[in-house]
Structure formats: C-alpha cells, structure tokens
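> Sharing query-v3.txt, compact mmCIF, C-alpha atoms:
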```txt
# COMPACT_ATOMS: atom_id res chain seq x y z
CA MET Q 29 0.00 0.00 0.00
CA ASN Q 30 1.55 3.32 -1.02
CA ARG Q 31 1.82 6.29 1.30
CA ILE Q 32 -1.13 8.24 -0.07
CA HIS Q 33 -3.41 5.21 0.19
CA THR Q 34 -2.09 4.57 3.69
CA PHE Q 35 -2.84 8.20 4.57
CA ALA Q 36 -6.38 7.92 3.20
CA ALA Q 37 -7.03 4.75 5.18
CA LEU Q 38 -5.65 6.21 8.41
CA ALA Q 39 -7.59 9.42 7.95
CA ALA Q 40 -10.81 7.48 7.33
CA VAL Q 41 -10.31 5.41 10.48
CA ALA Q 42 -9.61 8.51 12.54
CA MET Q 43 -12.69 10.28 11.23
CA MET Q 44 -14.97 7.32 11.84
CA ALA Q 45 -13.60 6.88 15.34
CA ALA Q 46 -14.30 10.50 16.14
CA GLY Q 47 -17.62 10.53 14.36
CA THR Q 48 -16.58 13.60 12.35
CA ALA Q 49 -16.45 12.25 8.80
CA ALA Q 50 -19.10 14.68 7.62
CA SER Q 51 -17.33 17.71 9.11
CA ALA Q 52 -13.74 16.88 8.16
CA ARG Q 53 -12.11 19.64 6.14
CA GLU Q 54 -10.33 18.53 2.97
CA LEU Q 55 -7.46 20.78 1.95
CA ARG Q 56 -6.46 20.96 -1.70
CA LEU Q 57 -2.67 20.49 -1.89
CA ALA Q 58 -0.50 21.18 -4.95
CA PRO Q 59 3.13 19.98 -5.04
CA GLY Q 60 3.59 21.16 -8.64
CA GLY Q 61 5.36 17.92 -9.59
CA PRO Q 62 4.45 14.36 -10.62
CA PRO Q 63 4.54 11.37 -8.25
CA ALA Q 64 8.21 10.66 -9.03
CA HIS Q 65 9.26 14.18 -8.01
CA PRO Q 66 10.65 14.91 -4.52
CA ALA Q 67 7.96 17.58 -4.04
CA TYR Q 68 5.18 15.01 -4.44
CA TYR Q 69 6.97 12.76 -1.94
CA MET Q 70 7.02 15.52 0.67
CA TYR Q 71 3.36 16.34 0.02
CA GLU Q 72 2.36 12.76 0.71
CA HIS Q 73 4.07 13.09 4.09
CA PHE Q 74 2.54 16.53 4.63
CA ALA Q 75 -0.95 15.11 4.08
CA GLU Q 76 -0.25 12.28 6.52
CA ASN Q 77 1.04 14.76 9.10
CA ILE Q 78 -2.03 16.99 8.79
CA ALA Q 79 -4.37 14.04 9.32
CA GLU Q 80 -2.38 12.83 12.31
CA ASN Q 81 -1.99 16.26 13.92
CA SER Q 82 -5.68 17.09 13.54
CA GLY Q 83 -6.98 13.67 14.54
CA GLY Q 84 -8.59 13.34 11.12
CA ALA Q 85 -10.43 16.69 11.35
CA MET Q 86 -8.41 17.89 8.36
CA THR Q 87 -7.35 15.80 5.37
CA GLY Q 88 -5.46 16.51 2.17
CA LEU Q 89 -6.26 15.97 -1.49
CA ILE Q 90 -3.08 16.08 -3.60
CA LEU Q 91 -3.49 17.66 -7.04
CA GLY Q 92 -1.01 16.83 -9.80
CA PRO Q 93 0.84 19.26 -12.10
CA GLU Q 94 -1.77 18.70 -14.79
CA VAL Q 95 -4.11 20.65 -12.49
CA VAL Q 96 -1.64 23.23 -11.10
CA SER Q 97 1.92 23.58 -12.40
CA LEU Q 98 4.69 25.54 -10.70
CA PRO Q 99 4.27 28.69 -12.86
CA GLN Q 100 0.53 28.64 -12.06
CA MET Q 101 0.95 28.22 -8.30
CA LYS Q 102 0.72 31.89 -7.32
CA ASP Q 103 -2.55 32.37 -9.18
CA ALA Q 104 -3.95 29.09 -7.84
CA LEU Q 105 -3.34 30.19 -4.26
CA GLN Q 106 -4.72 33.68 -4.85
CA THR Q 107 -7.93 32.40 -6.43
CA GLY Q 108 -8.46 29.63 -3.88
CA LEU Q 109 -8.08 26.83 -6.39
CA VAL Q 110 -5.64 25.28 -3.92
CA ASP Q 111 -5.29 25.76 -0.16
CA ALA Q 112 -1.55 25.07 0.02
CA GLY Q 113 1.01 24.75 -2.74
CA ASN Q 114 4.68 24.51 -3.57
CA VAL Q 115 5.86 28.01 -4.54
CA LEU Q 116 9.30 28.69 -6.02
CA PRO Q 117 9.92 32.41 -5.34
CA LEU Q 118 12.53 32.67 -8.09
CA TYR Q 119 9.69 32.09 -10.59
CA PHE Q 120 8.29 35.46 -9.48
CA PRO Q 121 11.38 37.70 -9.09
CA ALA Q 122 9.55 41.02 -9.52
CA ASP Q 123 7.11 40.14 -6.73
CA MET Q 124 9.56 38.46 -4.34
CA GLU Q 125 12.73 40.50 -4.61
CA VAL Q 126 13.81 40.33 -0.96
CA THR Q 127 12.95 36.64 -0.61
CA GLY Q 128 14.95 36.04 -3.78
CA ILE Q 129 18.09 37.57 -2.28
CA ALA Q 130 18.80 34.17 -0.74
CA GLY Q 131 18.76 32.68 -4.24
CA ASP Q 132 21.38 35.12 -5.47
CA LEU Q 133 23.63 33.60 -2.80
CA ALA Q 134 23.30 30.09 -4.25
CA LEU Q 135 27.05 29.55 -4.45
CA ILE Q 136 27.25 29.53 -0.65
CA GLY Q 137 25.38 26.22 -0.66
CA ARG Q 138 27.48 23.28 0.51
CA ASN Q 139 25.24 21.57 3.07
CA PRO Q 140 21.67 20.88 1.87
CA HIS Q 141 19.99 20.60 5.26
CA ALA Q 142 21.74 23.74 6.51
CA MET Q 143 20.62 25.66 3.42
CA ALA Q 144 17.01 24.49 3.87
CA MET Q 145 17.00 25.42 7.55
CA ALA Q 146 18.58 28.80 6.87
CA MET Q 147 15.97 29.50 4.20
CA THR Q 148 13.17 28.43 6.54
CA GLU Q 149 14.27 30.77 9.32
CA TYR Q 150 14.97 33.55 6.82
CA GLY Q 151 11.49 33.31 5.30
CA MET Q 152 9.77 33.14 8.69
CA THR Q 153 11.65 35.97 10.38
CA CYS Q 154 12.64 38.39 7.58
CA GLU Q 155 9.98 41.11 7.83
CA PRO Q 156 10.24 42.29 4.19
CA CYS Q 157 9.92 38.64 3.06
CA GLN Q 158 6.80 38.23 5.16
CA GLU Q 159 5.38 41.40 3.62
CA GLU Q 160 6.06 40.06 0.11
CA PHE Q 161 4.15 36.87 0.87
CA LYS Q 162 1.28 38.75 2.50
CA LYS Q 163 0.98 41.14 -0.44
CA LEU Q 164 0.67 38.12 -2.76
CA GLY Q 165 -1.95 36.49 -0.56
CA MET Q 166 0.35 33.70 0.62
CA VAL Q 167 1.80 32.39 3.89
CA PHE Q 168 5.32 30.91 4.07
CA LEU Q 169 5.67 27.59 5.95
CA GLY Q 170 9.26 26.55 5.30
CA ALA Q 171 11.79 25.48 2.71
CA GLY Q 172 13.90 22.61 1.42
CA SER Q 173 17.06 22.26 -0.65
CA SER Q 174 18.60 20.29 -3.48
CA ASN Q 175 21.89 18.52 -3.19
CA VAL Q 176 24.97 20.47 -4.28
CA TYR Q 177 25.02 21.04 -8.04
CA ASN Q 178 27.81 19.52 -10.15
CA LEU Q 179 28.60 19.42 -13.88
CA ILE Q 180 26.85 16.93 -16.17
CA THR Q 181 28.40 17.18 -19.63
CA THR Q 182 28.99 15.55 -23.01
CA ARG Q 183 32.73 16.10 -22.85
CA PRO Q 184 35.15 15.81 -19.92
CA VAL Q 185 35.87 18.70 -17.57
CA ARG Q 186 38.96 18.11 -15.46
CA THR Q 187 40.49 21.57 -15.30
CA ALA Q 188 39.22 25.13 -15.43
CA ASP Q 189 40.58 25.43 -18.97
CA ASP Q 190 38.27 22.62 -20.10
CA LEU Q 191 35.28 24.89 -19.45
CA LYS Q 192 36.37 27.55 -21.93
CA GLY Q 193 33.98 27.79 -24.84
CA MET Q 194 31.48 25.31 -23.40
CA ARG Q 195 27.76 26.10 -23.43
CA LEU Q 196 26.15 25.17 -20.13
CA ARG Q 197 22.54 25.30 -19.00
CA THR Q 198 22.28 27.58 -15.99
CA GLY Q 199 20.01 27.29 -12.97
CA GLY Q 200 20.01 31.05 -12.35
CA ALA Q 201 22.17 34.15 -12.15
CA PRO Q 202 24.78 32.83 -9.67
CA TYR Q 203 25.42 29.82 -11.89
CA SER Q 204 25.69 32.08 -14.93
CA ARG Q 205 28.33 34.15 -13.14
CA TRP Q 206 30.23 30.97 -12.24
CA ALA Q 207 30.18 29.74 -15.85
CA GLU Q 208 31.26 33.10 -17.27
CA HIS Q 209 34.08 33.36 -14.77
CA PHE Q 210 35.60 30.19 -16.21
CA GLY Q 211 35.02 31.14 -19.85
CA ALA Q 212 31.86 29.12 -20.47
CA THR Q 213 28.65 30.50 -21.95
CA PRO Q 214 25.54 30.17 -19.75
CA VAL Q 215 22.35 29.16 -21.55
CA ASN Q 216 19.04 29.99 -19.88
CA ILE Q 217 16.62 27.19 -20.77
CA GLY Q 218 14.10 25.24 -18.72
CA VAL Q 219 15.34 22.13 -16.98
CA GLY Q 220 12.85 20.08 -18.99
CA GLU Q 221 14.60 21.15 -22.20
CA THR Q 222 18.03 19.96 -21.07
CA PHE Q 223 17.82 16.47 -22.58
CA GLU Q 224 16.92 17.70 -26.05
CA ALA Q 225 19.47 20.53 -25.98
CA MET Q 226 22.28 18.19 -24.94
CA SER Q 227 21.30 15.46 -27.39
CA GLN Q 228 21.21 17.95 -30.27
CA GLY Q 229 24.50 19.56 -29.25
CA THR Q 230 22.91 22.93 -28.58
CA ILE Q 231 24.57 22.85 -25.16
CA ASP Q 232 27.53 20.87 -23.87
CA GLY Q 233 26.10 20.19 -20.46
CA THR Q 234 24.36 21.53 -17.41
CA MET Q 235 25.11 22.76 -13.90
CA ALA Q 236 22.62 20.65 -12.01
CA SER Q 237 21.76 18.10 -9.36
CA THR Q 238 22.91 14.60 -10.21
CA VAL Q 239 19.28 13.64 -9.62
CA ASP Q 240 18.63 15.11 -13.10
CA LEU Q 241 20.43 12.07 -14.50
CA LEU Q 242 17.33 10.09 -13.55
CA SER Q 243 14.58 12.71 -13.41
CA PHE Q 244 15.29 14.01 -16.90
CA ARG Q 245 17.03 10.93 -18.34
CA LEU Q 246 20.35 12.74 -18.79
CA ILE Q 247 21.94 9.41 -17.94
CA ASP Q 248 21.12 8.36 -21.52
CA ILE Q 249 23.14 11.15 -23.16
CA ALA Q 250 25.74 12.38 -20.66
CA LYS Q 251 29.35 11.32 -21.10
CA ASP Q 252 30.87 12.80 -17.95
CA VAL Q 253 29.97 13.99 -14.46
CA THR Q 254 32.46 16.31 -12.78
CA ILE Q 255 32.22 16.49 -9.00
CA VAL Q 256 32.90 20.18 -8.56
CA PRO Q 257 30.58 21.73 -5.95
CA ILE Q 258 28.87 24.79 -7.40
CA GLY Q 259 25.84 25.61 -5.23
CA THR Q 260 22.33 24.61 -4.16
CA TYR Q 261 18.74 25.39 -5.09
CA HIS Q 262 17.16 26.32 -1.77
CA VAL Q 263 14.79 29.26 -2.36
CA THR Q 264 11.63 27.25 -1.98
CA SER Q 265 8.36 27.79 -0.15
CA ASN Q 266 7.38 24.17 0.18
CA PHE Q 267 4.01 24.53 1.84
CA THR Q 268 2.61 27.93 0.97
CA ALA Q 269 -0.84 28.49 2.40
CA GLY Q 270 -3.30 30.71 0.61
CA LEU Q 271 -3.92 33.71 2.87
CA ASN Q 272 -7.71 33.39 2.64
CA THR Q 273 -7.49 29.73 3.62
CA TRP Q 274 -5.10 30.58 6.45
CA ARG Q 275 -7.43 33.25 7.81
CA SER Q 276 -10.35 30.81 7.74
CA LEU Q 277 -8.52 28.40 10.07
CA SER Q 278 -8.55 28.50 13.84
CA THR Q 279 -5.29 29.14 15.67
CA LYS Q 280 -5.21 25.47 16.61
CA GLU Q 281 -5.68 24.39 12.98
CA ARG Q 282 -2.91 26.73 11.82
CA GLU Q 283 -0.58 25.23 14.38
CA GLU Q 284 -1.51 21.70 13.28
CA ILE Q 285 -0.72 22.58 9.67
CA GLY Q 286 2.44 24.45 10.68
CA MET Q 287 3.76 21.48 12.62
CA ALA Q 288 2.90 19.20 9.70
CA ALA Q 289 5.02 21.44 7.46
CA ALA Q 290 7.80 21.72 10.03
CA ARG Q 291 8.45 17.99 9.74
CA ALA Q 292 7.62 17.47 6.06
CA ASN Q 293 10.05 20.21 4.95
CA PHE Q 294 12.84 17.80 5.80
CA ASP Q 295 11.32 15.10 3.62
CA LEU Q 296 12.02 17.23 0.53
CA THR Q 297 15.68 17.75 1.40
CA ASP Q 298 16.16 14.15 2.47
CA ARG Q 299 14.64 12.92 -0.78
CA TRP Q 300 16.26 15.45 -3.14
CA ALA Q 301 19.69 15.70 -1.53
CA PHE Q 302 20.27 12.22 -0.14
CA GLN Q 303 17.93 9.43 -1.27
CA LEU Q 304 17.78 10.27 -4.99
CA PRO Q 305 21.49 11.17 -5.38
CA SER Q 306 22.28 7.78 -3.89
CA ALA Q 307 20.04 6.15 -6.50
CA ALA Q 308 21.68 8.24 -9.23
CA ASN Q 309 25.13 7.11 -8.11
CA GLU Q 310 24.04 3.48 -8.24
CA ALA Q 311 22.71 4.01 -11.75
CA LEU Q 312 25.91 5.79 -12.80
CA ALA Q 313 27.98 2.83 -11.70
CA LYS Q 314 26.19 0.68 -14.31
CA THR Q 315 27.05 3.01 -17.20
CA ASP Q 316 30.12 4.11 -19.12
CA ILE Q 317 29.74 7.69 -17.89
CA GLU Q 318 33.00 8.88 -16.34
CA VAL Q 319 32.75 10.36 -12.88
CA ILE Q 320 35.57 12.88 -12.68
CA GLU Q 321 37.29 14.20 -9.58
CA PRO Q 322 38.61 17.48 -10.95
CA ASP Q 323 42.07 18.95 -10.75
CA PRO Q 324 42.73 20.38 -7.23
CA ALA Q 325 43.60 23.76 -8.75
CA PHE Q 326 40.18 23.86 -10.41
CA LEU Q 327 38.45 23.03 -7.13
CA GLU Q 328 40.42 25.73 -5.36
CA ALA Q 329 39.60 28.28 -8.04
CA SER Q 330 35.91 27.37 -7.93
CA GLU Q 331 35.72 27.72 -4.16
CA ALA Q 332 37.57 31.04 -4.34
CA PHE Q 333 35.14 32.41 -6.91
CA ALA Q 334 32.14 31.22 -4.87
CA ALA Q 335 33.46 33.08 -1.81
CA GLU Q 336 34.12 36.22 -3.86
CA ASP Q 337 30.69 36.06 -5.46
CA VAL Q 338 28.88 35.62 -2.15
CA ALA Q 339 30.82 38.51 -0.63
CA ALA Q 340 30.04 40.76 -3.60
CA ARG Q 341 26.34 39.92 -3.68
CA THR Q 342 26.07 40.32 0.09
CA ALA Q 343 27.58 43.79 -0.11
CA LEU Q 344 25.21 44.66 -2.94
CA SER Q 345 22.03 43.35 -1.30
CA GLY Q 346 22.58 44.69 2.20
CA GLU Q 347 21.26 43.62 5.58
CA GLU Q 348 18.96 40.83 4.40
CA ALA Q 349 21.85 39.17 2.58
CA VAL Q 350 24.05 39.52 5.65
CA TYR Q 351 21.28 37.99 7.74
CA PHE Q 352 20.92 35.03 5.39
CA THR Q 353 24.67 34.29 5.36
CA GLU Q 354 24.67 34.38 9.17
CA LEU Q 355 21.81 31.88 9.20
CA VAL Q 356 23.72 29.57 6.84
CA GLU Q 357 26.67 29.66 9.23
CA LYS Q 358 24.40 29.02 12.21
CA TRP Q 359 22.58 26.04 10.70
CA THR Q 360 25.72 24.54 9.19
CA ALA Q 361 27.09 24.26 12.72
CA VAL Q 362 23.81 22.71 13.91
CA VAL Q 363 23.81 20.07 11.16
CA GLU Q 364 27.43 19.24 11.91
CA GLU Q 365 26.38 18.71 15.52
CA VAL Q 366 23.08 16.86 14.96
CA GLY Q 367 23.78 14.99 11.71
CA ASN Q 368 21.48 14.43 8.75
CA ASP Q 369 18.61 12.61 10.48
CA PRO Q 370 15.40 14.40 9.37
CA ASP Q 371 13.55 13.72 12.63
CA ALA Q 372 16.35 15.10 14.78
CA LEU Q 373 16.77 18.16 12.58
CA ALA Q 374 13.02 18.82 12.57
CA ARG Q 375 12.95 18.71 16.36
CA ARG Q 376 15.82 21.23 16.47
CA MET Q 377 14.07 23.53 13.99
CA ILE Q 378 10.82 23.33 15.94
CA ASP Q 379 12.60 24.13 19.21
CA ASP Q 380 14.64 27.01 17.78
CA VAL Q 381 12.20 28.62 15.34
CA TRP Q 382 8.67 27.21 15.16
CA SER Q 383 8.12 27.28 18.92
CA LYS Q 384 8.51 31.07 18.81
CA ILE Q 385 5.76 31.53 16.21
CA ASP Q 386 2.43 32.98 17.35
CA PHE Q 387 -0.05 31.20 15.09
CA SER Q 388 -2.83 33.62 16.04
CA THR Q 389 -1.00 36.38 14.15
CA TYR Q 390 1.62 34.70 11.91
CA GLY Q 391 1.16 35.49 8.23
CA MET Q 392 -1.78 37.75 8.91
```
Take the structure I supplied and represent it as structure tokens, if you would.


Amino acid sequence: MNRIHTFAALAAVAMMAAGTAASARELRLAPGGPPAHPAYYMYEHFAENIAENSGGAMTGLILGPEVVSLPQMKDALQTGLVDAGNVLPLYFPADMEVTGIAGDLALIGRNPHAMAMAMTEYGMTCEPCQEEFKKLGMVFLGAGSSNVYNLITTRPVRTADDLKGMRLRTGGAPYSRWAEHFGATPVNIGVGETFEAMSQGTIDGTMASTVDLLSFRLIDIAKDVTIVPIGTYHVTSNFTAGLNTWRSLSTKEREEIGMAAARANFDLTDRWAFQLPSAANEALAKTDIEVIEPDPAFLEASEAFAAEDVAARTALSGEEAVYFTELVEKWTAVVEEVGNDPDALARRMIDDVWSKIDFSTYGM
C-alpha cells in the first residue's frame, strides 16, 4: 500500500472513530510535480502529518501538475483553487525581490539541510519577506534544498581550462556568473529542455543536481559527471498556504498545519539531496559515464570564486543578505552537531524557530 493510500485509510479510520467524517475539512494540496518528483513525496508526508496532527479533522487531497503547475501556483493560491502549494519564489522575481536575495547567494550552498534550515528561518523571520508573501496572498511555511550542483556534460571537464567555450545550462544568475568566470557561456533554458538541448549539441552540459540524471534521463546522453561543488537550489516555499485559507482556520488548525510542514520540509531535502542522489550514483555505476574528480587547482579556483561572489552579492544586497549568510553559518554548525537525520533536525528547527511563532497572528 503506497503512502497516499495509507494516509487515506488512516484518515478514514480517525474520522470514523471521532464521528466527524461529515465535518472533516479537505485541503487541496499542490506539489507542482508528478509522483516521481521529490515535491510530491514531501506532500504525501505533509498530508499524513495533517491528518495525524488534527486527529482526522483535516485531510489533504493532492493535485497533480496537470491541475496546477509551478508557474501557475501563485494564481492558484490567490484564487483559492488550492489551499496550500509549492511556490518557487525565483519564478516570481519582480514580486519576491527580498525573498529572492537568498537565491542570489546560491554559491554559498554546501550543506543541503543547513541551506534548507537557513531559508526556513529567513522566510519566517525576515519582515520584508513576510510582507512580500502577505501582499501576494500567501503564507510561508518553510523550505527545502537540493543537493549540491555539479557538472553533467557531453565532454570531460577536469580543469578550469576545459570549461572555456562550453555552453552550459544555468540554474540562475549565480550559476551564470560561475560559468562566465571560467570562460563558459551560460544558456538559460528550462530544466525540462536539457535532454533535447544536450542530445542535439545545442549545449555541452548543465550545472545541475545529479538527480537530473534520472529525473530528466540525462543518464542516456551524458558522457561525464564532474564532481565540482557549485551551489544549491534552496529558495523554496514548500508549503505555501493561501492567505484566505489561512485566515479561515482556527489558531489550533494553523498550528496543526504548521507542525505538519515543520516535519515534512525535511522530507524534501532528504529525498532530493540524499535518497535520490544515492540512486543516481548506483545508476551511474552501471554506465560508461565517467565520474571525474577534478584537478585540485580547479576546485580551489571554484571555491575562491564562490566566496568572492557571495561577498560581492552580500555587499550589494545589504542587511537581508548579511542575515541570510549568518543563518547559513548558524545552521551549518547545527547540522554538523546533529547529523542528517530528518527527525532530529526537525525537532531542532521546531525548538529554535517554530516554537517562537504565534499562530494567532503569523502570516496575517
């Protein structure tokens, strides 16, 4: 029995036991990805958590991307089509400029859980970020992170010189700056177009999560994977409540949903940054794709540029950028202390951040 069916069965039992089947509130949930995507995985857990926390008084109906895709998520939340959805703030840069500052610091990303936790605290405590969400009719309930991006290419990259003249798909402005620094040309195309562009020779590779080898079948066309850490994708708003829905909930119900998100946020990072990369590595081992440990001088140069870029962007963006870098440092130390166990990290995040939230006023 899969998780969503298990959730449905448990919720039904809970509702029958309480005699509240007729009054149970069903929340429409939109992960913006298909069942194989890490976002869908975390939404299955989110739905389970809501049912458990509310004793079956609230349940969740998960809607697929054919109903609401990621670019449609903002409108879906504003119109009430969905009650909670997976929002990627970088899709809406004009509306979420301060929230997006954390994304311009992508090259600081070296520890996925620390980046997710830093982004969660940033989004929950940065006043201008909260105002951006409120203005858009949304409520931020935490973030997750990818694993650290590497190079997936059709020709080997061992040294910095090997990058010169290459055309690489970019995951955003920081990655474009990294590519240009080493003489490559960044190409801004959607991740779903990567396979076709690489197979046709339009690009020579991508700066991406190794999970893309499986998610987008790059394993069928890639020739090389170079393990040079570039950065992370962490500017997410995993469980974004529609403001009208949020206002319609009691304080107790908001807390139940908030605690459901507090734990399920870690399911995204665990899936995206640990479980799936492990599966990708196993698949790689069965292919002729060369996994390259780059020249030490290249690694050193890459790390030096990342530090310079973060410093420059922090100086440019001001106090919010400084605040985010301080949070990254804080949560990196916590993860080094606690380890990568999602349950232990969730407890630490709840103790340090969520426990200080007043759900009677948060997001309002």

> Counting only C-alpha atoms, which residue out of Q:Asp316, Q:Asp190, Q:Glu208, Q:Asp298 sits closest to Ile249 in chain Q?

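Counting only C-alpha atoms, the residue closest to Ile249 in chain Q is Q:Asp316.
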
> CA of Glu364 in chain Q and CA of Asp379 in chain Q, how far apart in Å?

17.2 Å

> Distance CA of Ser51 in chain Q-CA of Ser82 in chain Q, one decimal place?

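Separation of CA of Ser51 in chain Q and CA of Ser82 in chain Q: 12.5 Å.
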
> For CA of Val253 in chain Q and CA of Val356 in chain Q, quote the distance in Å rounded to one decimal.

27.1 Å

> Residues around (10.4, 14.4, 13.4), cut-off 10 Å, counting all atoms listed in the file - what are they as a CSV table (one decimal) with C-alpha atoms, keeping the file's coordinate frame?


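The resulting file, out_4.csv, is shown below:
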```
chain,number,residue,atom,x,y,z
Q,287,MET,CA,3.8,21.5,12.6
Q,288,ALA,CA,2.9,19.2,9.7
Q,290,ALA,CA,7.8,21.7,10.0
Q,291,ARG,CA,8.4,18.0,9.7
Q,292,ALA,CA,7.6,17.5,6.1
Q,294,PHE,CA,12.8,17.8,5.8
Q,295,ASP,CA,11.3,15.1,3.6
Q,369,ASP,CA,18.6,12.6,10.5
Q,370,PRO,CA,15.4,14.4,9.4
Q,371,ASP,CA,13.6,13.7,12.6
Q,372,ALA,CA,16.4,15.1,14.8
Q,373,LEU,CA,16.8,18.2,12.6
Q,374,ALA,CA,13.0,18.8,12.6
Q,375,ARG,CA,13.0,18.7,16.4
Q,376,ARG,CA,15.8,21.2,16.5
Q,377,MET,CA,14.1,23.5,14.0
Q,378,ILE,CA,10.8,23.3,15.9
```

> Using only C-alpha atoms, tabulate the residues of range 298-381 of chain Q lying at most 8 Å from any atom of range 148-153 of chain Q, each with its closest atom pair and that distance in Å to one decimal, by chain and increasing residue number, as a Markdown table.


```
| residue | atom | partner | partner_atom | distance |
| --- | --- | --- | --- | --- |
| Q:Tyr351 | CA | Q:Tyr150 | CA | 7.8 |
| Q:Phe352 | CA | Q:Tyr150 | CA | 6.3 |
| Q:Leu355 | CA | Q:Tyr150 | CA | 7.4 |
| Q:Val381 | CA | Q:Glu149 | CA | 6.7 |
```

> For Leu242 in chain Q, work out the shell of residues within 10 Å, counting only C-alpha atoms and skipping chain neighbours fewer than 5 positions away, then give it as a PyMOL selection string.

chain Q and resi 247-248+304-305+307-309+311-312

> Looking at only C-alpha atoms, which of Q:Met166, Q:Met392, Q:Val96, Q:Ala171 is the one that sits closest to Val263 in chain Q?

Q:Ala171

> Go through Q:Pro184, Q:Pro59, Q:Gly128, Q:Gly137 one by one, measure the shortest atom-to-atom distance of each to Phe161 in chain Q using all atoms listed in the file, and give the residue with the smallest value.

Q:Gly128

> Pick the closest to Ala146 in chain Q from Q:Val219, Q:Leu98, Q:Tyr119, Q:Val362: which is it, counting only C-alpha atoms?

Q:Val362

> Rank nothing, just name the residue among Q:Met145, Q:Val338, Q:Ala236, Q:Ile317 nearest to Trp382 in chain Q, using only C-alpha atoms.

Q:Met145

> With range 71-74 of chain Q as the partner and 12 Å as the cut-off, tabulate the residues of range 179-268 of chain Q that qualify, each row holding the nearest pair of atoms and their distance in Å to one decimal, using only C-alpha atoms, sorted by chain and rising number, as a tab-separated table.


```
residue	atom	partner	partner_atom	distance
Q:Asn266	CA	Q:Tyr71	CA	8.8
Q:Phe267	CA	Q:Tyr71	CA	8.4
Q:Thr268	CA	Q:Tyr71	CA	11.7
```

> Quick one: residues within 10 Å of (26.4, 18.1, -23.8) (file frame), counting all atoms listed in the file, please, as an MDAnalysis selection string.

chainID Q and resid 180:184 194:197 222:234 246 249:252

> Between Q:Asp386, Q:Ile136, Q:Thr127, Q:Asp111, which residue has the minimum interatomic distance to Pro156 in chain Q, considering all atoms listed in the file?

Q:Thr127
